[in-house]
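Structure data (CSV, C-alpha atoms and all ligand atoms) from data_38.csv:
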chain,number,residue,atom,x,y,z
P,1,MET,CA,161.6,113.7,163.2
P,2,ASP,CA,161.8,116.8,161.0
P,3,THR,CA,158.5,118.2,159.7
P,4,ILE,CA,158.1,118.2,155.9
P,5,LEU,CA,154.6,119.7,155.8
P,6,SER,CA,152.7,121.8,158.3
P,7,VAL,CA,149.1,122.9,157.8
P,8,LYS,CA,147.7,125.6,160.1
P,9,ASP,CA,144.1,126.8,160.5
P,10,LEU,CA,143.3,125.9,156.9
P,11,GLY,CA,139.8,126.9,155.8
P,12,ILE,CA,137.7,127.0,152.6
P,13,SER,CA,134.1,127.6,151.7
P,14,PHE,CA,132.2,127.2,148.4
P,15,GLY,CA,129.5,129.8,148.4
P,16,GLY,CA,127.7,129.2,151.7
P,17,ASN,CA,129.2,125.7,152.1
P,18,LYS,CA,132.0,125.8,154.7
P,19,VAL,CA,133.8,122.6,153.8
P,20,LEU,CA,137.0,123.2,155.8
P,21,ASP,CA,136.7,125.3,159.0
P,22,SER,CA,140.1,124.9,160.6
P,23,ILE,CA,142.4,122.1,159.7
P,24,ASN,CA,145.7,121.7,161.6
P,25,PHE,CA,148.3,118.9,161.2
P,26,GLU,CA,151.9,118.1,160.5
P,27,VAL,CA,153.6,115.4,158.5
P,28,GLY,CA,157.1,114.2,159.5
P,29,GLU,CA,159.9,113.3,157.1
P,30,GLY,CA,159.4,109.7,156.1
P,31,GLU,CA,156.0,109.5,157.8
P,32,VAL,CA,152.8,108.1,156.4
P,33,LEU,CA,149.8,110.1,157.7
P,34,GLY,CA,146.5,108.5,157.0
P,35,ILE,CA,143.4,110.6,156.6
P,36,MET,CA,139.9,109.3,157.2
P,37,GLY,CA,136.5,110.9,157.4
P,38,PRO,CA,133.0,110.5,156.0
P,39,ASN,CA,132.1,111.2,152.3
P,40,GLY,CA,132.1,114.9,151.8
P,41,ALA,CA,134.3,115.7,154.8
P,42,GLY,CA,136.7,117.7,152.6
P,43,LYS,CA,139.5,115.2,152.3
P,44,THR,CA,140.0,115.6,148.5
P,45,VAL,CA,139.5,119.4,148.9
P,46,LEU,CA,142.4,119.4,151.4
P,47,LEU,CA,144.7,117.6,148.9
P,48,ASN,CA,143.6,120.0,146.2
P,49,ILE,CA,144.7,122.9,148.4
P,50,ILE,CA,148.0,121.3,149.2
P,51,SER,CA,148.7,120.5,145.6
P,52,GLY,CA,147.6,123.9,144.4
P,53,ILE,CA,144.4,123.2,142.5
P,54,LEU,CA,142.3,125.1,145.1
P,55,LYS,CA,143.1,128.2,147.1
P,56,ALA,CA,142.3,128.3,150.8
P,57,ASP,CA,140.3,131.2,152.2
P,58,HIS,CA,142.6,131.3,155.3
P,59,GLY,CA,145.5,129.4,156.9
P,60,GLU,CA,149.0,128.3,156.0
P,61,VAL,CA,150.5,125.4,154.0
P,62,ILE,CA,154.2,125.2,154.9
P,63,PHE,CA,156.3,122.8,152.8
P,64,LEU,CA,159.9,122.3,153.8
P,65,GLY,CA,159.8,125.5,155.8
P,66,GLU,CA,158.2,127.7,153.1
P,67,ASP,CA,154.6,128.9,152.7
P,68,ILE,CA,153.8,127.5,149.2
P,69,GLN,CA,150.3,128.9,148.8
P,70,LYS,CA,151.3,131.4,146.1
P,71,ALA,CA,153.2,128.7,144.1
P,72,LYS,CA,151.5,127.3,141.0
P,73,ILE,CA,150.7,123.6,140.7
P,74,THR,CA,153.7,122.9,138.5
P,75,GLU,CA,156.0,124.8,140.9
P,76,ARG,CA,154.8,122.6,143.7
P,77,THR,CA,155.5,119.6,141.6
P,78,VAL,CA,159.0,120.8,141.1
P,79,LYS,CA,159.4,121.5,144.8
P,80,GLY,CA,158.5,117.9,145.6
P,81,ILE,CA,154.8,117.4,146.0
P,82,GLY,CA,153.3,114.6,143.9
P,83,ARG,CA,149.7,113.4,143.9
P,84,THR,CA,147.2,110.8,142.6
P,85,PHE,CA,143.6,111.6,141.7
P,86,GLN,CA,140.6,109.9,143.2
P,87,VAL,CA,139.4,109.2,139.6
P,88,PRO,CA,142.5,107.9,137.8
P,89,ARG,CA,143.6,110.1,134.9
P,90,ALA,CA,145.6,108.2,132.4
P,91,PHE,CA,146.0,108.9,128.6
P,92,GLU,CA,143.8,105.9,127.6
P,93,HIS,CA,145.3,105.4,124.1
P,94,MET,CA,148.9,105.6,125.1
P,95,SER,CA,150.6,102.5,126.5
P,96,VAL,CA,151.4,102.1,130.2
P,97,TYR,CA,155.0,102.8,129.5
P,98,GLU,CA,154.2,105.9,127.5
P,99,ASN,CA,152.0,107.2,130.2
P,100,ILE,CA,154.7,107.0,132.8
P,101,LEU,CA,157.3,108.4,130.4
P,102,ALA,CA,155.1,111.4,129.7
P,103,SER,CA,154.8,112.0,133.4
P,104,VAL,CA,158.6,111.8,133.9
P,105,VAL,CA,159.2,114.2,131.1
P,106,TYR,CA,156.6,116.6,132.4
P,107,GLY,CA,157.8,116.3,136.0
P,108,GLN,CA,161.5,117.0,135.5
P,109,LYS,CA,164.0,118.2,133.0
P,110,VAL,CA,165.9,115.0,132.0
P,111,SER,CA,167.4,113.5,128.9
P,112,GLU,CA,165.4,111.0,126.9
P,113,LYS,CA,167.7,108.2,128.1
P,114,GLU,CA,167.3,109.2,131.8
P,115,ALA,CA,163.6,109.5,131.4
P,116,ALA,CA,163.3,106.1,129.9
P,117,ALA,CA,165.4,104.5,132.7
P,118,LYS,CA,163.3,106.3,135.3
P,119,ALA,CA,160.0,105.2,133.7
P,120,ILE,CA,161.2,101.6,133.7
P,121,GLU,CA,162.3,101.8,137.3
P,122,ILE,CA,158.8,103.2,138.2
P,123,LEU,CA,157.0,100.5,136.2
P,124,LYS,CA,158.9,97.9,138.2
P,125,LEU,CA,158.1,99.6,141.6
P,126,VAL,CA,154.3,99.7,140.8
P,127,LYS,CA,154.5,96.1,139.3
P,128,LEU,CA,153.4,97.1,135.8
P,129,GLY,CA,156.5,95.9,134.1
P,130,GLU,CA,154.7,93.1,132.3
P,131,ARG,CA,151.9,95.4,131.1
P,132,ALA,CA,154.3,98.2,129.8
P,133,ASN,CA,153.0,97.9,126.2
P,134,GLU,CA,149.3,97.6,126.9
P,135,PRO,CA,147.0,100.6,126.3
P,136,ALA,CA,146.2,102.3,129.6
P,137,GLY,CA,142.5,102.4,128.7
P,138,LYS,CA,142.4,98.6,128.7
P,139,LEU,CA,143.8,98.2,132.3
P,140,SER,CA,141.8,96.6,135.1
P,141,LEU,CA,141.0,98.8,138.2
P,142,ILE,CA,144.0,97.6,140.2
P,143,ASN,CA,146.4,98.3,137.3
P,144,ARG,CA,144.9,101.7,136.7
P,145,LYS,CA,145.5,102.5,140.4
P,146,ARG,CA,149.1,101.2,140.0
P,147,LEU,CA,149.6,103.5,137.0
P,148,GLU,CA,148.1,106.4,138.9
P,149,ILE,CA,150.7,105.9,141.7
P,150,GLY,CA,153.4,105.5,139.1
P,151,ALA,CA,152.5,108.8,137.4
P,152,ALA,CA,152.6,110.6,140.8
P,153,LEU,CA,156.1,109.2,141.4
P,154,ALA,CA,157.4,110.4,138.1
P,155,SER,CA,158.4,113.8,139.5
P,156,ASP,CA,160.4,112.3,142.3
P,157,PRO,CA,158.2,113.7,145.0
P,158,LYS,CA,159.4,114.2,148.6
P,159,LEU,CA,155.7,114.2,149.7
P,160,LEU,CA,153.2,111.9,147.9
P,161,LEU,CA,149.5,112.6,148.3
P,162,LEU,CA,147.4,109.4,147.7
P,163,ASP,CA,143.6,109.9,147.3
P,164,GLU,CA,141.8,106.5,147.8
P,165,VAL,CA,144.2,104.4,145.8
P,166,ALA,CA,142.8,101.3,147.5
P,167,GLY,CA,139.2,102.1,147.0
P,168,GLY,CA,137.1,99.4,145.2
P,169,LEU,CA,139.8,96.7,145.3
P,170,THR,CA,139.7,93.1,146.6
P,171,ASN,CA,141.6,92.3,149.9
P,172,ALA,CA,144.4,90.6,147.9
P,173,GLU,CA,144.7,93.7,145.7
P,174,VAL,CA,144.7,96.0,148.7
P,175,ALA,CA,147.6,94.0,150.1
P,176,GLY,CA,149.5,94.6,146.8
P,177,ILE,CA,148.9,98.4,147.1
P,178,LEU,CA,150.1,98.3,150.8
P,179,ASP,CA,153.2,96.6,149.5
P,180,ILE,CA,153.9,99.4,147.0
P,181,VAL,CA,153.2,102.2,149.5
P,182,ARG,CA,155.6,100.5,151.9
P,183,THR,CA,158.3,100.4,149.3
P,184,ILE,CA,157.8,104.1,148.5
P,185,LYS,CA,157.9,105.0,152.2
P,186,ASN,CA,161.1,102.9,152.7
P,187,SER,CA,162.7,105.0,149.9
P,188,GLY,CA,162.3,108.0,152.2
P,189,VAL,CA,159.2,109.6,150.7
P,190,SER,CA,156.6,111.2,153.1
P,191,ILE,CA,153.0,110.3,152.4
P,192,ILE,CA,149.5,111.5,153.0
P,193,TRP,CA,147.1,108.7,152.4
P,194,ILE,CA,143.3,109.3,152.2
P,195,GLU,CA,141.5,106.0,152.5
P,196,HIS,CA,138.1,104.6,153.7
P,197,ILE,CA,139.4,101.1,154.1
P,198,ILE,CA,140.3,100.6,157.8
P,199,GLN,CA,142.9,97.9,157.1
P,200,THR,CA,145.0,100.1,154.9
P,201,LEU,CA,145.1,102.8,157.5
P,202,VAL,CA,145.9,100.4,160.3
P,203,ASP,CA,148.6,98.5,158.3
P,204,GLY,CA,149.9,101.2,156.1
P,205,THR,CA,150.2,104.4,158.2
P,206,ASP,CA,152.1,105.8,161.1
P,207,ARG,CA,149.3,108.1,162.3
P,208,VAL,CA,145.8,108.8,161.3
P,209,MET,CA,143.9,112.1,161.2
P,210,LEU,CA,140.1,111.9,161.5
P,211,MET,CA,138.4,114.7,159.7
P,212,ALA,CA,134.7,115.7,160.0
P,213,GLY,CA,132.7,118.9,160.2
P,214,GLY,CA,135.6,120.8,158.6
P,215,ARG,CA,138.0,120.0,161.5
P,216,ASP,CA,140.8,117.6,162.4
P,217,LEU,CA,139.1,115.9,165.3
P,218,LEU,CA,141.8,113.5,166.3
P,219,THR,CA,145.3,112.7,165.0
P,220,ALA,CA,147.0,109.7,166.7
P,221,PRO,CA,148.5,106.2,166.0
P,222,PRO,CA,146.0,104.2,163.8
P,223,MET,CA,144.6,101.9,166.5
P,224,GLU,CA,144.1,104.7,168.9
P,225,VAL,CA,142.0,106.5,166.4
P,226,MET,CA,140.0,103.3,165.4
P,227,ASN,CA,139.3,102.6,169.1
P,228,SER,CA,138.2,106.1,170.0
P,229,SER,CA,134.6,106.9,170.6
P,230,ILE,CA,134.9,109.9,168.3
P,231,VAL,CA,135.1,107.6,165.3
P,232,ASN,CA,131.8,105.9,166.2
P,233,GLU,CA,130.1,109.3,166.7
P,234,VAL,CA,131.4,110.6,163.3
P,235,TYR,CA,130.3,107.6,161.3
P,236,MET,CA,127.1,106.9,163.1
P,237,GLY,CA,124.4,107.6,160.5
P,238,ALA,CA,127.0,108.8,158.0
P,239,ASP,CA,127.1,107.3,154.5
P,240,GLU,CA,130.2,105.2,154.4
P,241,ASP,CA,129.7,103.7,151.0
P,242,GLU,CA,133.2,103.7,149.5
E,1,LIG,N1,135.5,122.9,143.4
E,1,LIG,C1,134.5,122.8,144.2
E,1,LIG,N2,133.5,123.7,144.2
E,1,LIG,C2,132.4,123.6,145.0
E,1,LIG,N3,132.3,122.7,145.9
E,1,LIG,C3,133.2,121.7,146.0
E,1,LIG,C4,134.4,121.8,145.2
E,1,LIG,N4,135.2,120.7,145.5
E,1,LIG,C5,134.5,120.1,146.5
E,1,LIG,N5,133.4,120.7,146.8
E,1,LIG,C6,132.4,120.3,147.9
E,1,LIG,O1,133.2,120.1,149.1
E,1,LIG,C7,132.7,119.0,149.9
E,1,LIG,C8,133.8,118.1,150.2
E,1,LIG,O2,134.2,117.4,149.1
E,1,LIG,P1,135.4,116.4,149.0
E,1,LIG,O3,135.5,115.9,147.6
E,1,LIG,O4,136.7,117.0,149.5
E,1,LIG,O5,135.0,115.2,150.0
E,1,LIG,P2,135.8,113.9,150.4
E,1,LIG,O6,136.0,114.0,151.9
E,1,LIG,O7,136.9,113.7,149.6
E,1,LIG,O8,134.7,112.8,150.2
E,1,LIG,P3,134.8,111.3,149.5
E,1,LIG,O9,135.2,110.4,150.7
E,1,LIG,O10,133.5,111.0,149.0
E,1,LIG,O11,135.8,111.3,148.4
E,1,LIG,C9,131.6,118.4,149.1
E,1,LIG,O12,130.4,119.0,149.6
E,1,LIG,C10,131.8,118.9,147.7
E,1,LIG,O13,130.6,119.0,146.9
E,2,MG,MG,137.5,112.4,148.1

Representation of the structure as structure tokens:
Amino acid sequence: MDTILSVKDLGISFGGNKVLDSINFEVGEGEVLGIMGPNGAGKTVLLNIISGILKADHGEVIFLGEDIQKAKITERTVKGIGRTFQVPRAFEHMSVYENILASVVYGQKVSEKEAAAKAIEILKLVKLGERANEPAGKLSLINRKRLEIGAALASDPKLLLLDEVAGGLTNAEVAGILDIVRTIKNSGVSIIWIEHIIQTLVDGTDRVMLMAGGRDLLTAPPMEVMNSSIVNEVYMGADEDE
């Protein structure tokens, strides 16, 4: 499997708070890499560095063979990195369709007709076709999560970063999200998926990276990670409330 993303010795501190010490991992083409770790482990910070919102103090982020750390957020989007946000960020007064359309127009230079076709295709994929004309602000949590995934797909990413898209959902809703992520994976997109829900990591990823103390403690097939004694040690006494 070819490598799409390679992260080497990545570190960042905020003031005296060393959040990431040394993070090392790779994502293969077409692979879903799950990331788990206690609250505050730096999972979202890691995605923020990969997507360009934060700058690392040291280390490398190699995307498709190129160190992208000097690239701006929008340049990374164009290169093929898409992401969702832990707190969904829709334009509340615009309709679901308009939200996706706006993301498509932002993400790539396409004609109006092409953008509309792309937006409709995405709405179908994230199963929001029937809610296309509803205001985004009126959506239930599951549908806001679907919209968030749809917006991240608008730029046709080669690597999709998902930050807790299944958090707070019922089991049946989680199954729906798993379905959507599988469809995206099957279309050839590589995915990094941060999640606290064990079932999504076991059923929805190829490998899982366990993060704690600013380090990647273990990266292995999901069940191997779940059954490892390191997981128990990391979560013992930790606040796993999400
Ligand atoms: N921009 C920032 N400035 C200062 N500190 C930050 C910033 N972003 C994150 N932090 C700190 O970095 C640490 C890790 O935060 P992060 O949001 O990455 O955790 P997380 O692993 O995503 O946790 P959760 O599972 O709760 O989402 C926290 O202590 C947080 O306060
Ligand atoms: Mg987070």

Find the nearest atom pair between each residue of chain P and ligand MG 2 (chain E) for residues within 10 Å, count only C-alpha atoms and all ligand atoms, give distances in Å to one decimal, sort rows by chain and ascending number, and present the table as a tab-separated table.
residue	atom	partner	partner_atom	distance
P:Met36	CA	E:MG2	MG	9.9
P:Gly37	CA	E:MG2	MG	9.5
P:Pro38	CA	E:MG2	MG	9.3
P:Asn39	CA	E:MG2	MG	6.9
P:Gly40	CA	E:MG2	MG	7.0
P:Ala41	CA	E:MG2	MG	8.1
P:Gly42	CA	E:MG2	MG	7.0
P:Lys43	CA	E:MG2	MG	5.4
P:Thr44	CA	E:MG2	MG	4.1
P:Val45	CA	E:MG2	MG	7.3
P:Leu46	CA	E:MG2	MG	9.2
P:Leu47	CA	E:MG2	MG	8.9
P:Asn48	CA	E:MG2	MG	9.9
P:Phe85	CA	E:MG2	MG	8.9
P:Gln86	CA	E:MG2	MG	6.3
P:Val87	CA	E:MG2	MG	9.3
P:Asp163	CA	E:MG2	MG	6.6
P:Glu164	CA	E:MG2	MG	7.3
P:Ile194	CA	E:MG2	MG	7.7
P:Glu195	CA	E:MG2	MG	8.7
P:His196	CA	E:MG2	MG	9.6
P:Glu242	CA	E:MG2	MG	9.8

**Message:** Which residue is closest to P:Ser155? Choose from P:Val225, P:Ile184, P:Ile81, P:Leu169 and count only C-alpha atoms.
**Reply:** P:Ile81

**Message:** Under the rule that only C-alpha atoms and all ligand atoms are counted, which of P:Gly150, P:Gly188, P:Gly28, P:Gly214 is the nearest residue to ligand LIG 1 (chain E)?
**Reply:**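 Of P:Gly150, P:Gly188, P:Gly28, P:Gly214, the one nearest ligand LIG 1 (chain E), counting only C-alpha atoms and all ligand atoms, is P:Gly214.
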
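Rounded to one decimal, atom CA of P:Ile12 and atom CA of P:Val231 lie 23.3 Å from each other.
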
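At a cut-off of 12 Å from (155.4, 95.8, 132.7), the residue set is Ser95, Val96, Tyr97, Glu98, Ile100, Ala119, Ile120, Glu121, Ile122, Leu123, Lys124, Leu125, Val126, Lys127, Leu128, Gly129, Glu130, Arg131, Ala132, Asn133, Glu134, Pro135, Ala136, Leu139, Asn143, Arg146, Leu147 and Gly150 of chain P (counting only C-alpha atoms).
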
8 Å contact set for P:Phe63, only C-alpha atoms, chain neighbours under 5 positions out, as a PDB file with C-alpha atoms, in the frame of the given file:
ATOM      1  CA  ILE P   4     158.100 118.200 155.900  1.00  0.00           C
ATOM      2  CA  LEU P   5     154.600 119.700 155.800  1.00  0.00           C
ATOM      3  CA  SER P   6     152.700 121.800 158.300  1.00  0.00           C
ATOM      4  CA  ILE P  68     153.800 127.500 149.200  1.00  0.00           C
TER       5      ILE P  68
END

**Item:** Counting only C-alpha atoms and all ligand atoms, the residue of P:Glu66, P:Asp2, P:Glu26, P:Asp21 that sits nearest ligand LIG 1 (chain E)
**Value:**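 Among the listed residues, P:Asp21 lies closest to ligand LIG 1 (chain E).
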
**Prompt:** Near stretch 216-224 of chain P, counting all atoms listed in the file, which residues have an atom at most 12 Å away, once you skip same-chain residues fewer than 5 positions from it, shown as number ranges by chain?
**Reply:** P: 7-11, 20-27, 31-37, 41-43, 46, 198-211, 229-231, 233-234

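Around P:Leu141, within 12 Å and counting all atoms listed in the file, the residues found are P:Val87, P:Pro88, P:Ala90, P:Leu147, P:Glu148, P:Val165, P:Ala166, P:Gly167, P:Gly168, P:Leu169, P:Thr170, P:Glu173, P:Val174, P:Ile177, once anything fewer than 6 positions away on its own chain is removed.
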
**Asked** What does the distance from atom CA of P:Ile197 to atom C5 of ligand LIG 1 (chain E) come to in Å, to one decimal?
**Response** 21.0 Å

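Atom CA of P:Gly137 is found 27.1 Å from atom CA of P:Ile191.
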
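With distances restricted to only C-alpha atoms and all ligand atoms, P:Gly15 is the closest residue to ligand LIG 1 (chain E) from P:Ser228, P:Gly176, P:Gly15, P:Met236.
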
**Request:** Kindly indicate which residue among P:His93, P:Lys18, P:Lys113, P:Lys158 lies nearest to P:Thr77, using only C-alpha atoms for the distances.
**Result:**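 Of P:His93, P:Lys18, P:Lys113, P:Lys158, the one nearest P:Thr77 is P:Lys158, counting only C-alpha atoms.
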
Saved stretch 67-79 of chain P from the preceding structure, all heavy atoms, as an mmCIF file, in the first residue's frame:
data_model
loop_
_atom_site.group_PDB
_atom_site.id
_atom_site.type_symbol
_atom_site.label_atom_id
_atom_site.label_comp_id
_atom_site.auth_asym_id
_atom_site.auth_seq_id
_atom_site.Cartn_x
_atom_site.Cartn_y
_atom_site.Cartn_z
ATOM 1 N N ASP P 67 6.375 17.901 1.979
ATOM 2 C CA ASP P 67 6.171 18.503 3.308
ATOM 3 C C ASP P 67 5.248 19.706 3.136
ATOM 4 O O ASP P 67 5.584 20.669 2.442
ATOM 5 C CB ASP P 67 7.502 18.929 3.928
ATOM 6 C CG ASP P 67 7.328 19.273 5.411
ATOM 7 O OD1 ASP P 67 6.205 19.674 5.798
ATOM 8 O OD2 ASP P 67 8.290 19.134 6.178
ATOM 9 N N ILE P 68 4.086 19.644 3.760
ATOM 10 C CA ILE P 68 3.055 20.659 3.508
ATOM 11 C C ILE P 68 2.984 21.709 4.617
ATOM 12 O O ILE P 68 2.062 22.528 4.645
ATOM 13 C CB ILE P 68 1.652 20.012 3.376
ATOM 14 C CG1 ILE P 68 1.331 19.157 4.603
ATOM 15 C CG2 ILE P 68 1.553 19.229 2.102
ATOM 16 C CD1 ILE P 68 -0.137 18.809 4.727
ATOM 17 N N GLN P 69 3.938 21.719 5.528
ATOM 18 C CA GLN P 69 3.765 22.576 6.697
ATOM 19 C C GLN P 69 3.790 24.069 6.402
ATOM 20 O O GLN P 69 3.312 24.863 7.201
ATOM 21 C CB GLN P 69 4.791 22.215 7.754
ATOM 22 C CG GLN P 69 4.441 20.876 8.357
ATOM 23 C CD GLN P 69 5.238 20.611 9.586
ATOM 24 O OE1 GLN P 69 4.776 20.859 10.685
ATOM 25 N NE2 GLN P 69 6.438 20.128 9.380
ATOM 26 N N LYS P 70 4.349 24.437 5.245
ATOM 27 C CA LYS P 70 4.334 25.858 4.901
ATOM 28 C C LYS P 70 3.068 26.228 4.117
ATOM 29 O O LYS P 70 2.793 27.404 3.900
ATOM 30 C CB LYS P 70 5.583 26.220 4.092
ATOM 31 C CG LYS P 70 6.854 26.149 4.926
ATOM 32 C CD LYS P 70 7.854 27.241 4.507
ATOM 33 C CE LYS P 70 8.929 27.440 5.545
ATOM 34 N NZ LYS P 70 9.925 26.331 5.572
ATOM 35 N N ALA P 71 2.296 25.232 3.710
ATOM 36 C CA ALA P 71 1.093 25.491 2.907
ATOM 37 C C ALA P 71 -0.034 26.032 3.791
ATOM 38 O O ALA P 71 -0.209 25.585 4.923
ATOM 39 C CB ALA P 71 0.649 24.206 2.210
ATOM 40 N N LYS P 72 -0.762 27.002 3.234
ATOM 41 C CA LYS P 72 -1.908 27.569 3.976
ATOM 42 C C LYS P 72 -3.068 26.561 3.998
ATOM 43 O O LYS P 72 -3.091 25.605 3.229
ATOM 44 C CB LYS P 72 -2.383 28.838 3.274
ATOM 45 C CG LYS P 72 -1.334 29.932 3.222
ATOM 46 C CD LYS P 72 -2.014 31.273 2.918
ATOM 47 C CE LYS P 72 -0.993 32.389 2.813
ATOM 48 N NZ LYS P 72 -0.362 32.438 1.461
ATOM 49 N N ILE P 73 -4.052 26.846 4.850
ATOM 50 C CA ILE P 73 -5.210 25.959 4.986
ATOM 51 C C ILE P 73 -5.860 25.706 3.620
ATOM 52 O O ILE P 73 -6.113 24.563 3.241
ATOM 53 C CB ILE P 73 -6.258 26.562 5.953
ATOM 54 C CG1 ILE P 73 -5.649 26.741 7.343
ATOM 55 C CG2 ILE P 73 -7.506 25.683 6.020
ATOM 56 C CD1 ILE P 73 -6.539 27.504 8.313
ATOM 57 N N THR P 74 -6.113 26.779 2.882
ATOM 58 C CA THR P 74 -6.814 26.632 1.600
ATOM 59 C C THR P 74 -5.959 25.848 0.602
ATOM 60 O O THR P 74 -6.488 25.062 -0.187
ATOM 61 C CB THR P 74 -7.137 28.009 0.975
ATOM 62 O OG1 THR P 74 -5.957 28.818 1.045
ATOM 63 C CG2 THR P 74 -8.248 28.712 1.704
ATOM 64 N N GLU P 75 -4.632 26.041 0.652
ATOM 65 C CA GLU P 75 -3.753 25.280 -0.250
ATOM 66 C C GLU P 75 -3.821 23.791 0.084
ATOM 67 O O GLU P 75 -3.807 22.949 -0.815
ATOM 68 C CB GLU P 75 -2.301 25.766 -0.119
ATOM 69 C CG GLU P 75 -2.088 27.149 -0.709
ATOM 70 C CD GLU P 75 -0.741 27.777 -0.289
ATOM 71 O OE1 GLU P 75 -0.049 27.213 0.599
ATOM 72 O OE2 GLU P 75 -0.407 28.825 -0.839
ATOM 73 N N ARG P 76 -3.923 23.486 1.357
ATOM 74 C CA ARG P 76 -4.012 22.068 1.759
ATOM 75 C C ARG P 76 -5.337 21.468 1.286
ATOM 76 O O ARG P 76 -5.411 20.303 0.915
ATOM 77 C CB ARG P 76 -3.861 21.920 3.272
ATOM 78 C CG ARG P 76 -2.482 22.380 3.733
ATOM 79 C CD ARG P 76 -2.270 22.116 5.198
ATOM 80 N NE ARG P 76 -1.215 22.980 5.722
ATOM 81 C CZ ARG P 76 -0.467 22.703 6.778
ATOM 82 N NH1 ARG P 76 -0.659 21.592 7.447
ATOM 83 N NH2 ARG P 76 0.455 23.543 7.185
ATOM 84 N N THR P 77 -6.393 22.294 1.331
ATOM 85 C CA THR P 77 -7.693 21.838 0.835
ATOM 86 C C THR P 77 -7.580 21.489 -0.645
ATOM 87 O O THR P 77 -8.043 20.436 -1.086
ATOM 88 C CB THR P 77 -8.763 22.931 1.040
ATOM 89 O OG1 THR P 77 -8.755 23.338 2.402
ATOM 90 C CG2 THR P 77 -10.143 22.426 0.678
ATOM 91 N N VAL P 78 -6.934 22.370 -1.397
ATOM 92 C CA VAL P 78 -6.779 22.141 -2.837
ATOM 93 C C VAL P 78 -5.916 20.906 -3.103
ATOM 94 O O VAL P 78 -6.194 20.108 -3.999
ATOM 95 C CB VAL P 78 -6.170 23.399 -3.520
ATOM 96 C CG1 VAL P 78 -5.794 23.112 -4.970
ATOM 97 C CG2 VAL P 78 -7.150 24.567 -3.436
ATOM 98 N N LYS P 79 -4.890 20.698 -2.285
ATOM 99 C CA LYS P 79 -4.016 19.526 -2.450
ATOM 100 C C LYS P 79 -4.756 18.224 -2.150
ATOM 101 O O LYS P 79 -4.352 17.151 -2.574
ATOM 102 C CB LYS P 79 -2.810 19.619 -1.505
ATOM 103 C CG LYS P 79 -1.727 20.591 -1.953
ATOM 104 C CD LYS P 79 -0.594 20.627 -0.929
ATOM 105 C CE LYS P 79 0.280 21.867 -1.083
ATOM 106 N NZ LYS P 79 1.060 21.846 -2.344
#
